[in-house]
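K.L.:
I have a structure I would like to understand better, so I am pasting it below and will then ask my questions one at a time.
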Amino acid sequence: MNRTIECYLANPEKYVHPFDMKKSRRTREFVSYADEDRGGALRNLHAKLLQKMEPLPSSPLSYAYKKGLNTKSALLAHAGSVLFIKLDIHQFFDSITEEAFTSSIDLRSFPLRKEELSCCFHKGHLPLGFVTSPKLSDVFMKPFDEAVEEYLSKHPQFKFCRYCDDMLLSSVEEDFTALRDFAQFIKTALMKVGLTLNERKTIEFSLCGDKPKNSAVHFLGLNLVKDGKEYRVTLSKGVILKNIDLFRKAQKTEEQAKEAEKRLKAFVAKVRGTPHTSESDETYRELRYEAKRLAFYHAYLMDCAHSLACYIRYNSDYSYQRFLKKYKNAFGKDYGEARHG
């Protein structure tokens with residue numbers, strides 16, 4: 001057995017750093033890799049295991065963590081629809097236990113050995129934060145995705161996308177009754193793989209007519225806006241403001257937080273007021289790299305920084321001063337009227 005696997009399974013807390021992150025009204029547990037050498041060794045091992053799993057097929061309905069796809073791709077798949085229902089899977093990653101996963105696959109043909117698979121779980125559950133978790137969740141969801149694909153083949157008026165635990169279904173026809181029947185099918189299909197919907201997070205949207213009930217469909221921090229016959233995607237300003245604040249607050253020291261803020265301001269200033277160009281694409285890549293360095297691979301921080309980078313890319317007229325005036329930093333002080341660096 002690989003030494004890292006053996007030691008992780010014997011004492012996982014030496015290799016990872018679990019922490020709680022409050023988001024909206026709920027608290028979610030994230031499991032990041034420890035800053036020490038052990039954490040790096042486990043992450044490198046997971047990267048190799050992920051490569052071994054790459055050939056495994058994945059549904060075209062699943063958009064999360066796939067090269068060439070992103071949240072914008074998922075939302076644009078619904079362009080042309082007029083009715084929408086947003087669904088959320090209750091405690092998605094935590095509900096995928098090692099026991100449930102192994103019982104859903106044929107271990108004899110699976111590319112990972114049993115002990116390799118075990119080291120991709122934490123306390124018997126699929127953790128939010130391991131680089132292998134998105135791929136393993138896709139493997140687990142394969143029966144569900146295939147059932148939805150079959151349903152769509154018989155009902156071409158519907159569209160569907162899944163981004164981990166977030167799902168959006170839509171219809172090109174103005175018939176909410178039929179779309180709700182589709183949502184009920186989704187609920188039943190989830191139960192067959194041991195998952196349930198978070199009913200409180202189910203939201204319906206309508207973009208019918210010249211004066212639609214909703215101005216936009218909100219999904220994963222993005223907005224799908226219907227402008228006449230055209231559809232376009234924008235990023236929610238409120239989501240980005242909160243994520244920038246969380247990104248800064250998560251820095252470990254005031255000095256580090258100041259460095260993070262200075263660099264983020266510089267990136268925003270670089271493309272503020274400019275159209276989406278190759279320069280803003282380069283800034284997007286630079287910010288991703290910088291976030292990776294500052295966040296020490298913490299998954300949630302990467303997600304926050306990615307949201308900010310997307311905002312720069314798609315809404316580059318954003319004024320950073322608005323954020324400075326509205327929010328306090330992690331140490332209870334006003335951001336103040338700071339100038340762009």
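Letters for chains follow the order of the structure tokens (A, B, ...), residue numbers begin at 1 for each chain, and ligand numbers begin at 1 in the order shown.
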Skipping near chain neighbours, those fewer than 5 positions away, what residues fall within 12 Å of Thr177 of chain A using only C-alpha atoms, listed as a list of chain:residue names?

P.N.:
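The neighbour list is A:Leu83, A:Phe84, A:Ile85, A:Ser170, A:Ser171, A:Phe182, A:Ala183, A:Gln184, A:Glu204.
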
K.L.:
Give me a file of those residues, with C-alpha atoms, as a tab-separated table (two decimals), in the first residue's frame.

P.N.:
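The result, written out as again.tsv:
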```tsv
chain	number	residue	atom	x	y	z
A	83	LEU	CA	-40.06	29.03	-17.78
A	84	PHE	CA	-37.51	27.85	-15.22
A	85	ILE	CA	-37.32	25.90	-11.95
A	170	SER	CA	-36.53	24.96	-18.12
A	171	SER	CA	-39.11	24.84	-20.86
A	182	PHE	CA	-40.43	17.24	-14.80
A	183	ALA	CA	-39.33	18.56	-11.38
A	184	GLN	CA	-41.27	15.74	-9.71
A	204	GLU	CA	-39.62	29.23	-10.13
```

K.L.:
Using only C-alpha atoms, determine which residues lie at most 8 Å from Val233 of chain A, disregarding the query and same-chain residues fewer than 3 positions distant; provide the list as a compact mmCIF listing (two decimals) with N, CA and C atoms, in the first residue's frame.

P.N.:
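What ended up in result29.txt:
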```txt
# COMPACT_ATOMS: atom_id res chain seq x y z
N LYS A 72 -21.30 29.84 -16.60
CA LYS A 72 -21.91 30.57 -17.71
C LYS A 72 -22.39 29.60 -18.79
N LEU A 75 -25.69 28.05 -17.74
CA LEU A 75 -26.84 28.94 -17.85
C LEU A 75 -27.22 29.20 -19.31
N LEU A 76 -26.23 29.35 -20.16
CA LEU A 76 -26.51 29.60 -21.58
C LEU A 76 -27.17 28.40 -22.27
N LEU A 222 -25.06 33.93 -11.22
CA LEU A 222 -25.20 34.53 -12.54
C LEU A 222 -26.65 34.89 -12.80
N ASN A 223 -26.87 35.77 -13.76
CA ASN A 223 -28.22 36.14 -14.18
C ASN A 223 -28.38 35.84 -15.66
N LEU A 224 -29.43 35.13 -16.01
CA LEU A 224 -29.79 34.96 -17.43
C LEU A 224 -30.86 35.99 -17.73
N VAL A 225 -30.51 36.94 -18.57
CA VAL A 225 -31.40 38.06 -18.87
C VAL A 225 -31.92 37.92 -20.29
```

K.L.:
Could you tell me how far atom CA of Tyr15 of chain A lies from atom CA of Arg113 of chain A, in Å and to one decimal?

P.N.:
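Between atom CA of Tyr15 of chain A and atom CA of Arg113 of chain A the gap works out to 20.3 Å.
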
K.L.:
Show me, as a ChimeraX atom specification, the residues that have an atom within 8 Å of segment 147-152 of chain A when counting only C-alpha atoms, minus same-chain residues fewer than 4 positions from it.

P.N.:
/A:61,143,156,158-159,186,189

K.L.:
May I have the selected residues written with all heavy atoms, as a tab-separated table (two decimals), in the first residue's frame?

P.N.:
```
chain	number	residue	atom	x	y	z
A	61	LEU	N	-24.91	16.66	-19.25
A	61	LEU	CA	-25.79	17.49	-18.44
A	61	LEU	C	-25.08	18.04	-17.20
A	61	LEU	O	-25.59	18.94	-16.54
A	61	LEU	CB	-27.02	16.69	-18.00
A	61	LEU	CG	-27.89	16.11	-19.11
A	61	LEU	CD1	-29.04	15.30	-18.52
A	61	LEU	CD2	-28.42	17.22	-20.01
A	143	PRO	N	-26.12	7.21	-12.81
A	143	PRO	CA	-27.47	6.65	-13.02
A	143	PRO	C	-28.55	7.72	-13.06
A	143	PRO	O	-29.49	7.64	-13.87
A	143	PRO	CB	-27.66	5.71	-11.83
A	143	PRO	CG	-26.27	5.37	-11.39
A	143	PRO	CD	-25.47	6.61	-11.63
A	156	PRO	N	-38.63	16.94	-25.67
A	156	PRO	CA	-37.65	17.89	-26.23
A	156	PRO	C	-37.91	19.36	-25.89
A	156	PRO	O	-37.06	20.21	-26.16
A	156	PRO	CB	-37.78	17.66	-27.75
A	156	PRO	CG	-39.15	17.09	-27.93
A	156	PRO	CD	-39.41	16.26	-26.72
A	158	PHE	N	-37.99	20.49	-22.99
A	158	PHE	CA	-37.33	20.80	-21.73
A	158	PHE	C	-35.81	20.87	-21.90
A	158	PHE	O	-35.23	20.24	-22.79
A	158	PHE	CB	-37.65	19.73	-20.67
A	158	PHE	CG	-39.10	19.66	-20.30
A	158	PHE	CD1	-39.73	18.44	-20.12
A	158	PHE	CD2	-39.85	20.82	-20.11
A	158	PHE	CE1	-41.07	18.37	-19.79
A	158	PHE	CE2	-41.18	20.76	-19.77
A	158	PHE	CZ	-41.80	19.53	-19.61
A	159	LYS	N	-35.18	21.64	-21.00
A	159	LYS	CA	-33.72	21.70	-20.92
A	159	LYS	C	-33.31	21.50	-19.46
A	159	LYS	O	-34.08	21.80	-18.54
A	159	LYS	CB	-33.21	23.05	-21.43
A	159	LYS	CG	-33.56	23.33	-22.89
A	159	LYS	CD	-33.04	24.68	-23.34
A	159	LYS	CE	-33.43	24.96	-24.79
A	159	LYS	NZ	-32.88	26.26	-25.27
A	186	ILE	N	-37.47	14.55	-11.36
A	186	ILE	CA	-36.13	14.77	-10.81
A	186	ILE	C	-36.09	14.33	-9.34
A	186	ILE	O	-35.15	13.65	-8.91
A	186	ILE	CB	-35.74	16.26	-10.90
A	186	ILE	CG1	-35.64	16.71	-12.36
A	186	ILE	CG2	-34.43	16.53	-10.16
A	186	ILE	CD1	-34.53	16.07	-13.14
A	189	ALA	N	-36.09	10.54	-9.19
A	189	ALA	CA	-34.82	9.99	-9.67
A	189	ALA	C	-33.72	10.17	-8.63
A	189	ALA	O	-32.84	9.30	-8.47
A	189	ALA	CB	-34.43	10.65	-10.99
```

K.L.:
Considering only alpha helix (DSSP H) as DSSP defines it on the backbone, what residues of segment 25-150 of chain A qualify? List them as a ChimeraX atom specification.

P.N.:
/A:37-53,71-76,92-95,98-104,114-118,133-140,142-150
